[in-house]
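entry-v7.txt (compact mmCIF, C-alpha atoms) appears below.
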# COMPACT_ATOMS: atom_id res chain seq x y z
CA MET A 1 85.93 103.62 71.18
CA ALA A 2 82.40 103.77 72.63
CA ALA A 3 82.29 100.00 73.06
CA ALA A 4 85.66 100.01 74.79
CA ALA A 5 84.53 102.77 77.13
CA ASN A 6 81.33 100.89 78.03
CA GLN A 7 83.37 97.83 78.98
CA HIS A 8 85.13 99.85 81.68
CA GLN A 9 82.02 101.41 83.16
CA ARG A 10 81.47 100.53 86.79
CA PRO A 11 78.35 98.53 87.62
CA GLN A 12 75.53 100.47 89.25
CA PRO A 13 75.59 100.15 93.06
CA LEU A 14 72.80 98.12 94.58
CA PRO A 15 70.08 100.08 96.42
CA LEU A 16 70.61 100.43 100.17
CA LEU A 17 68.31 98.42 102.43
CA LEU A 18 68.37 98.96 106.18
CA LEU A 19 67.45 96.01 108.42
CA HIS A 20 65.67 96.61 111.72
CA ARG A 21 65.30 93.46 113.82
CA PHE A 22 65.93 91.81 117.15
CA PRO A 23 69.35 90.08 117.22
CA SER A 24 67.63 86.68 117.57
CA PHE A 25 65.51 87.20 114.45
CA ASN A 26 67.18 85.76 111.37
CA LEU A 27 65.94 86.40 107.84
CA PHE A 28 65.52 83.10 106.01
CA PHE A 29 65.67 84.91 102.66
CA LEU A 30 68.70 87.10 103.45
CA PRO A 31 71.02 85.46 100.85
CA VAL A 32 68.56 86.28 98.06
CA LEU A 33 68.06 89.78 99.45
CA ARG A 34 71.80 90.44 99.24
CA THR A 35 71.82 89.70 95.50
CA LYS A 36 69.47 92.63 94.86
CA TYR A 37 70.30 95.14 97.62
CA THR A 38 73.14 96.39 99.76
CA VAL A 39 71.82 95.11 103.07
CA LEU A 40 72.77 97.20 106.10
CA ASP A 41 72.45 95.09 109.22
CA PRO A 42 73.28 96.63 112.64
CA PHE A 43 73.77 93.09 113.99
CA ALA A 44 76.02 91.84 111.21
CA ASP A 45 78.74 89.47 112.38
CA PRO A 46 81.41 90.66 111.92
CA PRO A 47 80.19 94.28 112.17
CA ASP A 48 80.09 96.26 108.95
CA PRO A 49 82.34 99.34 109.37
CA SER A 50 80.39 101.15 106.65
CA PHE A 51 77.06 100.86 108.50
CA PRO A 52 77.19 104.18 110.42
CA THR A 53 77.81 106.12 107.20
CA LEU A 54 75.67 104.20 104.70
CA SER A 55 72.67 103.86 107.04
CA LYS A 56 72.23 107.63 106.99
CA SER A 57 71.60 107.42 103.25
CA ALA A 58 69.21 104.46 103.29
CA ARG A 59 65.74 105.24 101.96
CA VAL A 60 64.10 101.96 102.96
CA MET A 61 63.93 100.08 106.27
CA LEU A 62 62.89 96.43 106.38
CA CYS A 63 61.47 95.89 109.86
CA PHE A 64 61.54 92.14 110.42
CA GLY A 65 59.32 91.03 113.29
CA PRO A 66 57.78 93.15 116.04
CA LYS A 67 60.84 95.25 116.95
CA PRO A 68 59.67 98.77 117.89
CA VAL A 69 60.47 101.63 115.54
CA THR A 70 60.60 104.77 117.65
CA SER A 71 61.05 108.44 116.88
CA GLU A 72 64.63 108.08 118.16
CA ASP A 73 65.25 105.29 115.65
CA LEU A 74 64.01 107.52 112.85
CA ASP A 75 66.36 110.30 114.00
CA ARG A 76 69.31 108.02 113.24
CA TYR A 77 68.20 107.51 109.64
CA PRO A 78 67.49 110.96 108.16
CA SER A 79 67.04 109.74 104.56
CA LEU A 80 64.35 107.18 105.38
CA GLU A 81 61.27 107.34 103.14
CA TYR A 82 59.64 103.94 103.55
CA ILE A 83 59.32 101.28 106.26
CA LEU A 84 58.41 97.80 105.09
CA GLY A 85 56.83 95.96 108.03
CA THR A 86 56.57 92.18 108.11
CA SER A 87 53.90 91.79 110.80
CA ALA A 88 50.16 92.13 110.39
CA GLY A 89 50.08 94.52 113.33
CA ILE A 90 51.47 98.06 113.32
CA ASN A 91 51.51 98.74 117.07
CA ASN A 92 55.34 98.56 117.11
CA PHE A 93 55.66 101.68 114.94
CA ASP A 94 55.56 105.29 116.10
CA LEU A 95 52.84 106.21 113.62
CA ALA A 96 52.76 109.86 114.62
CA ALA A 97 56.51 110.20 113.97
CA CYS A 98 56.15 108.49 110.59
CA ARG A 99 53.29 110.82 109.71
CA ARG A 100 55.28 113.94 110.69
CA ARG A 101 58.26 112.90 108.62
CA GLY A 102 56.23 111.77 105.60
CA ILE A 103 57.55 108.21 105.87
CA ARG A 104 55.42 105.60 104.13
CA LEU A 105 54.62 102.35 105.90
CA SER A 106 53.35 98.96 104.80
CA SER A 107 52.48 95.85 106.80
CA ALA A 108 52.12 92.15 106.07
CA GLY A 109 48.49 92.82 105.22
CA ASP A 110 46.48 89.62 104.99
CA VAL A 111 49.47 87.34 104.32
CA PHE A 112 48.93 85.45 107.57
CA SER A 113 45.12 85.55 107.63
CA VAL A 114 44.35 82.07 106.31
CA ASP A 115 46.77 80.24 108.60
CA VAL A 116 45.78 82.30 111.64
CA ALA A 117 42.12 81.56 110.92
CA ASP A 118 42.90 77.83 110.80
CA TYR A 119 44.74 78.07 114.10
CA ALA A 120 41.92 80.00 115.77
CA VAL A 121 39.44 77.28 114.81
CA GLY A 122 41.85 74.63 116.07
CA LEU A 123 42.28 76.35 119.43
CA ALA A 124 38.53 76.79 119.84
CA ILE A 125 37.78 73.13 119.09
CA ASP A 126 40.60 72.04 121.39
CA VAL A 127 39.16 74.07 124.27
CA LEU A 128 35.57 73.03 123.59
CA ARG A 129 36.35 69.31 123.31
CA ARG A 130 39.26 69.30 125.80
CA VAL A 131 41.54 67.53 123.30
CA SER A 132 44.81 68.63 124.92
CA ALA A 133 43.45 67.93 128.41
CA ALA A 134 42.40 64.43 127.33
CA ASP A 135 45.88 63.85 125.92
CA ARG A 136 47.43 64.81 129.27
CA PHE A 137 44.95 62.52 131.04
CA VAL A 138 46.10 59.53 128.99
CA ARG A 139 49.82 60.36 129.20
CA ALA A 140 49.61 60.67 132.98
CA GLY A 141 48.36 57.07 133.20
CA SER A 142 45.04 58.21 134.64
CA TRP A 143 42.80 56.33 132.19
CA PRO A 144 43.18 52.84 133.76
CA VAL A 145 42.78 54.34 137.25
CA GLN A 146 39.85 56.70 136.78
CA ASN A 147 38.31 54.68 133.93
CA GLU A 148 36.72 57.65 132.19
CA TYR A 149 37.57 61.27 131.45
CA THR A 150 34.87 63.91 131.85
CA LEU A 151 34.88 66.26 128.91
CA GLY A 152 32.36 68.59 130.47
CA SER A 153 29.09 69.90 129.09
CA LYS A 154 28.48 70.75 125.48
CA VAL A 155 29.38 74.41 125.69
CA ALA A 156 29.06 75.71 122.17
CA LYS A 157 27.98 75.09 118.65
CA ARG A 158 30.51 74.61 115.90
CA PHE A 159 31.68 77.34 113.59
CA GLU A 160 29.62 78.08 110.50
CA ALA A 161 30.95 75.00 108.69
CA PHE A 162 29.96 73.01 111.78
CA GLY A 163 26.43 74.46 111.95
CA CYS A 164 27.43 77.58 113.86
CA SER A 165 25.98 81.07 113.44
CA ILE A 166 28.51 83.90 113.17
CA ALA A 167 28.49 87.43 114.57
CA TYR A 168 31.18 90.10 114.64
CA ASN A 169 32.31 93.49 115.90
CA SER A 170 34.54 96.02 114.15
CA ARG A 171 34.94 99.78 113.94
CA LYS A 172 32.03 99.90 111.50
CA GLN A 173 29.64 97.47 109.89
CA LYS A 174 30.94 95.84 106.71
CA PRO A 175 28.34 96.24 103.94
CA HIS A 176 29.25 93.04 102.11
CA VAL A 177 29.32 90.80 105.19
CA SER A 178 26.09 88.96 105.96
CA TYR A 179 26.96 88.00 109.55
CA THR A 180 25.19 89.68 112.47
CA TYR A 181 26.96 92.90 113.45
CA TYR A 182 27.30 94.25 116.99
CA ALA A 183 28.62 97.79 117.41
CA ASN A 184 29.49 97.03 121.03
CA VAL A 185 31.92 94.26 122.03
CA LYS A 186 30.07 93.58 125.27
CA ASN A 187 26.83 93.00 123.38
CA LEU A 188 28.65 90.68 121.03
CA ALA A 189 30.04 88.69 123.95
CA SER A 190 26.56 88.40 125.45
CA ASN A 191 25.29 86.69 122.31
CA VAL A 192 28.06 84.22 121.41
CA ASP A 193 29.56 81.03 122.80
CA VAL A 194 33.06 81.54 121.37
CA LEU A 195 34.70 84.96 121.16
CA ILE A 196 37.67 85.02 118.77
CA VAL A 197 39.96 88.03 119.17
CA CYS A 198 41.91 88.79 116.00
CA CYS A 199 41.96 92.57 115.52
CA ALA A 200 44.97 94.84 115.30
CA LEU A 201 46.43 96.24 118.52
CA THR A 202 46.04 100.03 118.66
CA ASN A 203 45.46 102.59 121.38
CA GLU A 204 41.73 102.09 120.83
CA THR A 205 41.82 98.28 121.03
CA HIS A 206 44.23 97.97 123.97
CA ARG A 207 42.41 95.72 126.50
CA ILE A 208 39.24 95.93 124.44
CA ILE A 209 38.34 92.59 126.03
CA ASN A 210 37.94 93.76 129.61
CA LYS A 211 36.25 92.30 132.67
CA ASP A 212 32.80 93.48 131.60
CA VAL A 213 33.14 91.83 128.18
CA MET A 214 34.40 88.55 129.65
CA THR A 215 31.69 88.52 132.29
CA ALA A 216 29.12 89.01 129.52
CA LEU A 217 30.55 85.98 127.72
CA GLY A 218 29.61 83.91 130.75
CA LYS A 219 30.49 80.64 132.45
CA THR A 220 30.17 78.52 129.32
CA GLY A 221 31.84 81.00 126.95
CA VAL A 222 35.26 80.49 125.41
CA ILE A 223 37.80 83.16 124.43
CA VAL A 224 40.35 82.55 121.67
CA ASN A 225 43.10 85.14 121.14
CA VAL A 226 45.23 84.99 117.99
CA GLY A 227 45.71 88.78 117.73
CA ARG A 228 47.95 90.38 120.34
CA GLY A 229 48.17 89.71 124.06
CA PRO A 230 47.28 93.23 125.25
CA LEU A 231 43.94 93.07 123.43
CA ILE A 232 42.74 91.24 126.56
CA ASP A 233 43.00 92.35 130.16
CA GLU A 234 45.14 89.33 131.00
CA LYS A 235 45.00 89.72 134.79
CA GLU A 236 41.20 89.75 134.74
CA LEU A 237 41.13 86.83 132.29
CA VAL A 238 43.26 84.69 134.60
CA GLU A 239 41.14 85.52 137.63
CA LEU A 240 37.87 84.75 135.83
CA LEU A 241 39.24 81.44 134.53
CA VAL A 242 40.50 80.40 137.96
CA ARG A 243 37.13 81.22 139.52
CA GLY A 244 35.28 79.31 136.81
CA GLU A 245 33.45 82.38 135.54
CA ILE A 246 34.55 81.74 131.95
CA GLY A 247 34.21 78.39 130.21
CA GLY A 248 37.74 78.30 128.78
CA ALA A 249 40.40 79.99 126.68
CA GLY A 250 42.67 79.23 123.74
CA LEU A 251 45.62 81.62 123.79
CA ASP A 252 48.33 81.97 121.15
CA VAL A 253 49.46 85.40 122.37
CA PHE A 254 50.17 86.92 125.79
CA GLU A 255 50.73 90.33 127.31
CA ASN A 256 54.38 89.83 128.31
CA GLU A 257 55.71 87.19 125.94
CA PRO A 258 57.34 84.77 126.39
CA HIS A 259 56.06 84.85 129.98
CA VAL A 260 52.72 83.14 130.57
CA PRO A 261 50.72 83.57 133.81
CA GLU A 262 51.53 80.53 135.94
CA PRO A 263 47.93 79.84 137.11
CA LEU A 264 46.98 79.02 133.52
CA PHE A 265 49.26 75.96 133.56
CA ARG A 266 46.95 74.19 135.99
CA LEU A 267 43.70 74.68 134.07
CA ASP A 268 42.46 71.91 131.77
CA ASN A 269 40.03 74.27 130.06
CA VAL A 270 42.89 76.43 128.78
CA VAL A 271 45.03 75.67 125.71
CA LEU A 272 48.32 77.56 125.47
CA SER A 273 50.39 78.14 122.33
CA PRO A 274 53.72 80.01 121.91
CA HIS A 275 52.60 82.67 119.37
CA LYS A 276 52.91 80.30 116.44
CA ALA A 277 49.66 80.69 114.51
CA VAL A 278 51.53 82.35 111.62
CA LEU A 279 54.46 79.93 111.53
CA THR A 280 53.78 77.95 108.38
CA LEU A 281 55.78 77.45 105.20
CA ASP A 282 52.93 78.90 103.14
CA SER A 283 52.81 82.08 105.23
CA PHE A 284 56.56 82.60 105.01
CA ALA A 285 56.54 82.03 101.25
CA GLU A 286 53.79 84.63 100.84
CA LEU A 287 55.62 87.05 103.14
CA GLU A 288 58.82 86.71 101.13
CA GLU A 289 56.91 87.38 97.92
CA LEU A 290 55.28 90.46 99.46
CA ILE A 291 58.62 91.84 100.68
CA PHE A 292 60.34 91.54 97.31
CA SER A 293 57.26 92.85 95.51
CA ASN A 294 57.08 95.97 97.68
CA LEU A 295 60.81 96.64 97.50
CA GLU A 296 60.68 96.49 93.73
CA ALA A 297 57.55 98.66 93.70
CA PHE A 298 59.15 101.35 95.89
CA PHE A 299 62.34 101.65 93.88
CA SER A 300 60.37 101.78 90.62
CA ASN A 301 57.79 104.30 91.90
CA GLN A 302 54.90 101.83 91.72
CA PRO A 303 52.00 101.45 94.23
CA LEU A 304 52.77 99.49 97.39
CA ARG A 305 50.77 96.53 98.61
CA ALA A 306 49.26 96.64 102.13
CA GLU A 307 50.28 100.27 102.60
CA VAL A 308 49.10 101.80 105.86
CA GLU A 309 47.16 105.06 105.58
CA LEU A 310 48.75 107.47 108.05
CA ASP A 311 46.65 110.54 107.25
Write the structure described by the file as structure tokens, please.
Amino acid sequence: MAAAANQHQRPQPLPLLLLHRFPSFNLFFLPVLRTKYTVLDPFADPPDPSFPTLSKSARVMLCFGPKPVTSEDLDRYPSLEYILGTSAGINNFDLAACRRRGIRLSSAGDVFSVDVADYAVGLAIDVLRRVSAADRFVRAGSWPVQNEYTLGSKVAKRFEAFGCSIAYNSRKQKPHVSYTYYANVKNLASNVDVLIVCCALTNETHRIINKDVMTALGKTGVIVNVGRGPLIDEKELVELLVRGEIGGAGLDVFENEPHVPEPLFRLDNVVLSPHKAVLTLDSFAELEELIFSNLEAFFSNQPLRAEVELD
């Protein structure tokens, strides 16, 4: 009798998982996600009639991409306990609202770090050696006419692997890092040839690279930004580049993406990239593994990876 009763037991419902994304952002691992969770997608096509009801019971939100999560968003999901972010940055979250409601938050952590570091080096070398500008020179048919292409002066040393000395700035000095530390960004800029911007965007770091910092970098200095566009005062950056008061820039991110300041298109000492430093198969594979690992950890009351401290 017990065996017969067990055969008629209903299977346990899958845990609810709320998606939060821009309509244009598609999850490449969504089919696998649906095998483990009841995925609630506000942009499902066709619309899911159960979404308004079930979303109020969802304990976890998967925020895919940089879509803002506001206090108003949180009001719509009263049962929410955990937001799983998929970006390295956390500037799209209302951290104060999460803190008030006791909602846990995790980010992509260092999943993208290796590929972004590669890209930053590539942008810097491109600007320093004018690789993209030389490519345009050849494609335009200018080589036979002008005979030679001026690459400009030797503006900087290579990175450490290329015989370059390294210095850095952060909120505090890192005890296990041997590089020269500058507590002030302006002082750092005064003592380097290439300034790579790769910190998180917060209220404190918004436009941390201002006119004074860029002026300190000087006419042979190069700025590379692979963090977030608003880390740099973009208007001042454009003006300094146009006037020749900065040596060059390699930019993967911009203040009002996908819009790029038009004057930059005309400058051969500027390399532009459409926010793609993280777009590699390796990064996406690691992100997928992190997402599934943290979902499993949350529903089994285990520690989360890359959890953000909100206290």
Quick one: pull the distance between CA of Pro52 in chain A and CA of Asp75 in chain A, Å, one decimal.
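Separating CA of Pro52 in chain A from CA of Asp75 in chain A is a distance of 12.9 Å.
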Distance CA of Pro11 in chain A-CA of Arg34 in chain A, one decimal place?
15.6 Å
Proximity of range 176-262 of chain A to range 129-139 of chain A: per-residue shortest pair, 12 Å limit, only C-alpha atoms, as a tab-separated table:
residue	atom	partner	partner_atom	distance
A:Val222	CA	A:Arg129	CA	11.4
A:Gly247	CA	A:Arg130	CA	11.3
A:Gly248	CA	A:Arg130	CA	9.6
A:Ala249	CA	A:Arg130	CA	10.8
A:Gly250	CA	A:Arg130	CA	10.7
Could you list, as a ChimeraX atom specification, every residue within 9 Å of Ser273 in chain A, counting all atoms listed in the file and ignoring same-chain residues fewer than 4 positions away?
/A:123,250-253,277
Quick one: residues within 12 Å of Leu74 in chain A, only C-alpha atoms, excluding same-chain residues fewer than 6 positions away - as a PyMOL selection string?
chain A and resi 18+20+55-56+58-61+68+80-83+93-103
Excluding Phe265 in chain A and its own-chain neighbours fewer than 4 positions away, which residues fall within 12 Å of it when counting all atoms listed in the file? Please give them as a count of residues only.
14
Restricting the calculation to all atoms listed in the file: of A:Pro303, A:Glu288, A:Ser57, A:Val194, which residue gets closest to Ile125 in chain A?
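Checking each candidate against Ile125 in chain A, we get A:Val194 as the closest.
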Any idea what's packed within 10 Å of Glu245 in chain A, counting only C-alpha atoms, ignoring anything in its chain fewer than 3 positions away? Could you give it as a list in words?
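Contacts, with the query itself left out: Met214, Thr215, Ala216, Leu217, Gly218, Lys219, Thr220, Gly221, Leu237, Glu239, Leu240, Leu241, Val242 and Gly248 of chain A.
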Output as a PDB file, in the coordinates of the input: range 163-174 of chain A, completed with all heavy atoms.
ATOM      1  N   GLY A 163      27.787  74.134 111.548  1.00  0.00           N
ATOM      2  CA  GLY A 163      26.430  74.460 111.950  1.00  0.00           C
ATOM      3  C   GLY A 163      26.361  75.598 112.935  1.00  0.00           C
ATOM      4  O   GLY A 163      25.416  75.699 113.717  1.00  0.00           O
ATOM      5  N   CYS A 164      27.351  76.475 112.898  1.00  0.00           N
ATOM      6  CA  CYS A 164      27.430  77.580 113.860  1.00  0.00           C
ATOM      7  C   CYS A 164      26.995  78.883 113.206  1.00  0.00           C
ATOM      8  O   CYS A 164      27.264  79.127 112.030  1.00  0.00           O
ATOM      9  CB  CYS A 164      28.866  77.696 114.368  1.00  0.00           C
ATOM     10  SG  CYS A 164      29.133  79.028 115.522  1.00  0.00           S
ATOM     11  N   SER A 165      26.302  79.736 113.933  1.00  0.00           N
ATOM     12  CA  SER A 165      25.980  81.070 113.440  1.00  0.00           C
ATOM     13  C   SER A 165      27.107  82.022 113.845  1.00  0.00           C
ATOM     14  O   SER A 165      27.708  81.874 114.900  1.00  0.00           O
ATOM     15  CB  SER A 165      24.644  81.559 114.024  1.00  0.00           C
ATOM     16  OG  SER A 165      24.695  81.580 115.421  1.00  0.00           O
ATOM     17  N   ILE A 166      27.364  83.007 112.998  1.00  0.00           N
ATOM     18  CA  ILE A 166      28.510  83.900 113.170  1.00  0.00           C
ATOM     19  C   ILE A 166      28.035  85.327 113.422  1.00  0.00           C
ATOM     20  O   ILE A 166      27.092  85.800 112.794  1.00  0.00           O
ATOM     21  CB  ILE A 166      29.416  83.880 111.919  1.00  0.00           C
ATOM     22  CG1 ILE A 166      29.772  82.449 111.517  1.00  0.00           C
ATOM     23  CG2 ILE A 166      30.678  84.715 112.152  1.00  0.00           C
ATOM     24  CD1 ILE A 166      30.641  81.721 112.500  1.00  0.00           C
ATOM     25  N   ALA A 167      28.712  86.007 114.340  1.00  0.00           N
ATOM     26  CA  ALA A 167      28.490  87.430 114.570  1.00  0.00           C
ATOM     27  C   ALA A 167      29.846  88.097 114.721  1.00  0.00           C
ATOM     28  O   ALA A 167      30.852  87.421 114.956  1.00  0.00           O
ATOM     29  CB  ALA A 167      27.629  87.654 115.821  1.00  0.00           C
ATOM     30  N   TYR A 168      29.885  89.431 114.580  1.00  0.00           N
ATOM     31  CA  TYR A 168      31.180  90.100 114.640  1.00  0.00           C
ATOM     32  C   TYR A 168      31.040  91.533 115.139  1.00  0.00           C
ATOM     33  O   TYR A 168      29.956  92.107 115.178  1.00  0.00           O
ATOM     34  CB  TYR A 168      31.856  90.097 113.265  1.00  0.00           C
ATOM     35  CG  TYR A 168      31.251  91.064 112.258  1.00  0.00           C
ATOM     36  CD1 TYR A 168      31.847  92.292 111.990  1.00  0.00           C
ATOM     37  CD2 TYR A 168      30.076  90.734 111.572  1.00  0.00           C
ATOM     38  CE1 TYR A 168      31.292  93.174 111.073  1.00  0.00           C
ATOM     39  CE2 TYR A 168      29.519  91.601 110.650  1.00  0.00           C
ATOM     40  CZ  TYR A 168      30.139  92.827 110.403  1.00  0.00           C
ATOM     41  OH  TYR A 168      29.581  93.709 109.496  1.00  0.00           O
ATOM     42  N   ASN A 169      32.206  92.080 115.536  1.00  0.00           N
ATOM     43  CA  ASN A 169      32.310  93.490 115.900  1.00  0.00           C
ATOM     44  C   ASN A 169      33.509  94.070 115.176  1.00  0.00           C
ATOM     45  O   ASN A 169      34.531  93.402 115.011  1.00  0.00           O
ATOM     46  CB  ASN A 169      32.489  93.642 117.414  1.00  0.00           C
ATOM     47  CG  ASN A 169      33.027  95.026 117.797  1.00  0.00           C
ATOM     48  OD1 ASN A 169      34.226  95.201 117.959  1.00  0.00           O
ATOM     49  ND2 ASN A 169      32.139  95.992 117.901  1.00  0.00           N
ATOM     50  N   SER A 170      33.400  95.285 114.717  1.00  0.00           N
ATOM     51  CA  SER A 170      34.540  96.020 114.150  1.00  0.00           C
ATOM     52  C   SER A 170      34.223  97.505 114.285  1.00  0.00           C
ATOM     53  O   SER A 170      33.176  97.884 114.824  1.00  0.00           O
ATOM     54  CB  SER A 170      34.782  95.627 112.686  1.00  0.00           C
ATOM     55  OG  SER A 170      33.704  96.041 111.877  1.00  0.00           O
ATOM     56  N   ARG A 171      35.143  98.338 113.806  1.00  0.00           N
ATOM     57  CA  ARG A 171      34.940  99.780 113.940  1.00  0.00           C
ATOM     58  C   ARG A 171      33.639 100.230 113.283  1.00  0.00           C
ATOM     59  O   ARG A 171      32.970 101.145 113.741  1.00  0.00           O
ATOM     60  CB  ARG A 171      36.120 100.542 113.350  1.00  0.00           C
ATOM     61  CG  ARG A 171      37.373 100.489 114.202  1.00  0.00           C
ATOM     62  CD  ARG A 171      38.549 101.128 113.484  1.00  0.00           C
ATOM     63  NE  ARG A 171      38.908 100.382 112.283  1.00  0.00           N
ATOM     64  CZ  ARG A 171      39.870 100.740 111.447  1.00  0.00           C
ATOM     65  NH1 ARG A 171      40.539 101.858 111.667  1.00  0.00           N
ATOM     66  NH2 ARG A 171      40.159 100.004 110.395  1.00  0.00           N
ATOM     67  N   LYS A 172      33.294  99.592 112.176  1.00  0.00           N
ATOM     68  CA  LYS A 172      32.030  99.900 111.500  1.00  0.00           C
ATOM     69  C   LYS A 172      31.526  98.647 110.802  1.00  0.00           C
ATOM     70  O   LYS A 172      32.286  97.721 110.521  1.00  0.00           O
ATOM     71  CB  LYS A 172      32.226 101.040 110.501  1.00  0.00           C
ATOM     72  CG  LYS A 172      33.303 100.791 109.457  1.00  0.00           C
ATOM     73  CD  LYS A 172      33.497 102.019 108.588  1.00  0.00           C
ATOM     74  CE  LYS A 172      34.616 101.785 107.566  1.00  0.00           C
ATOM     75  NZ  LYS A 172      34.824 102.978 106.714  1.00  0.00           N
ATOM     76  N   GLN A 173      30.251  98.630 110.528  1.00  0.00           N
ATOM     77  CA  GLN A 173      29.640  97.470 109.890  1.00  0.00           C
ATOM     78  C   GLN A 173      30.154  97.333 108.456  1.00  0.00           C
ATOM     79  O   GLN A 173      30.310  98.335 107.743  1.00  0.00           O
ATOM     80  CB  GLN A 173      28.121  97.611 109.888  1.00  0.00           C
ATOM     81  CG  GLN A 173      27.396  96.372 109.397  1.00  0.00           C
ATOM     82  CD  GLN A 173      25.897  96.459 109.647  1.00  0.00           C
ATOM     83  OE1 GLN A 173      25.405  97.479 110.130  1.00  0.00           O
ATOM     84  NE2 GLN A 173      25.177  95.396 109.346  1.00  0.00           N
ATOM     85  N   LYS A 174      30.416  96.107 108.052  1.00  0.00           N
ATOM     86  CA  LYS A 174      30.940  95.840 106.710  1.00  0.00           C
ATOM     87  C   LYS A 174      29.759  95.536 105.782  1.00  0.00           C
ATOM     88  O   LYS A 174      29.028  94.563 105.999  1.00  0.00           O
ATOM     89  CB  LYS A 174      31.931  94.685 106.755  1.00  0.00           C
ATOM     90  CG  LYS A 174      33.102  94.958 107.706  1.00  0.00           C
ATOM     91  CD  LYS A 174      34.096  93.814 107.729  1.00  0.00           C
ATOM     92  CE  LYS A 174      35.178  94.053 108.783  1.00  0.00           C
ATOM     93  NZ  LYS A 174      35.914  95.298 108.592  1.00  0.00           N
TER      94      LYS A 174
END
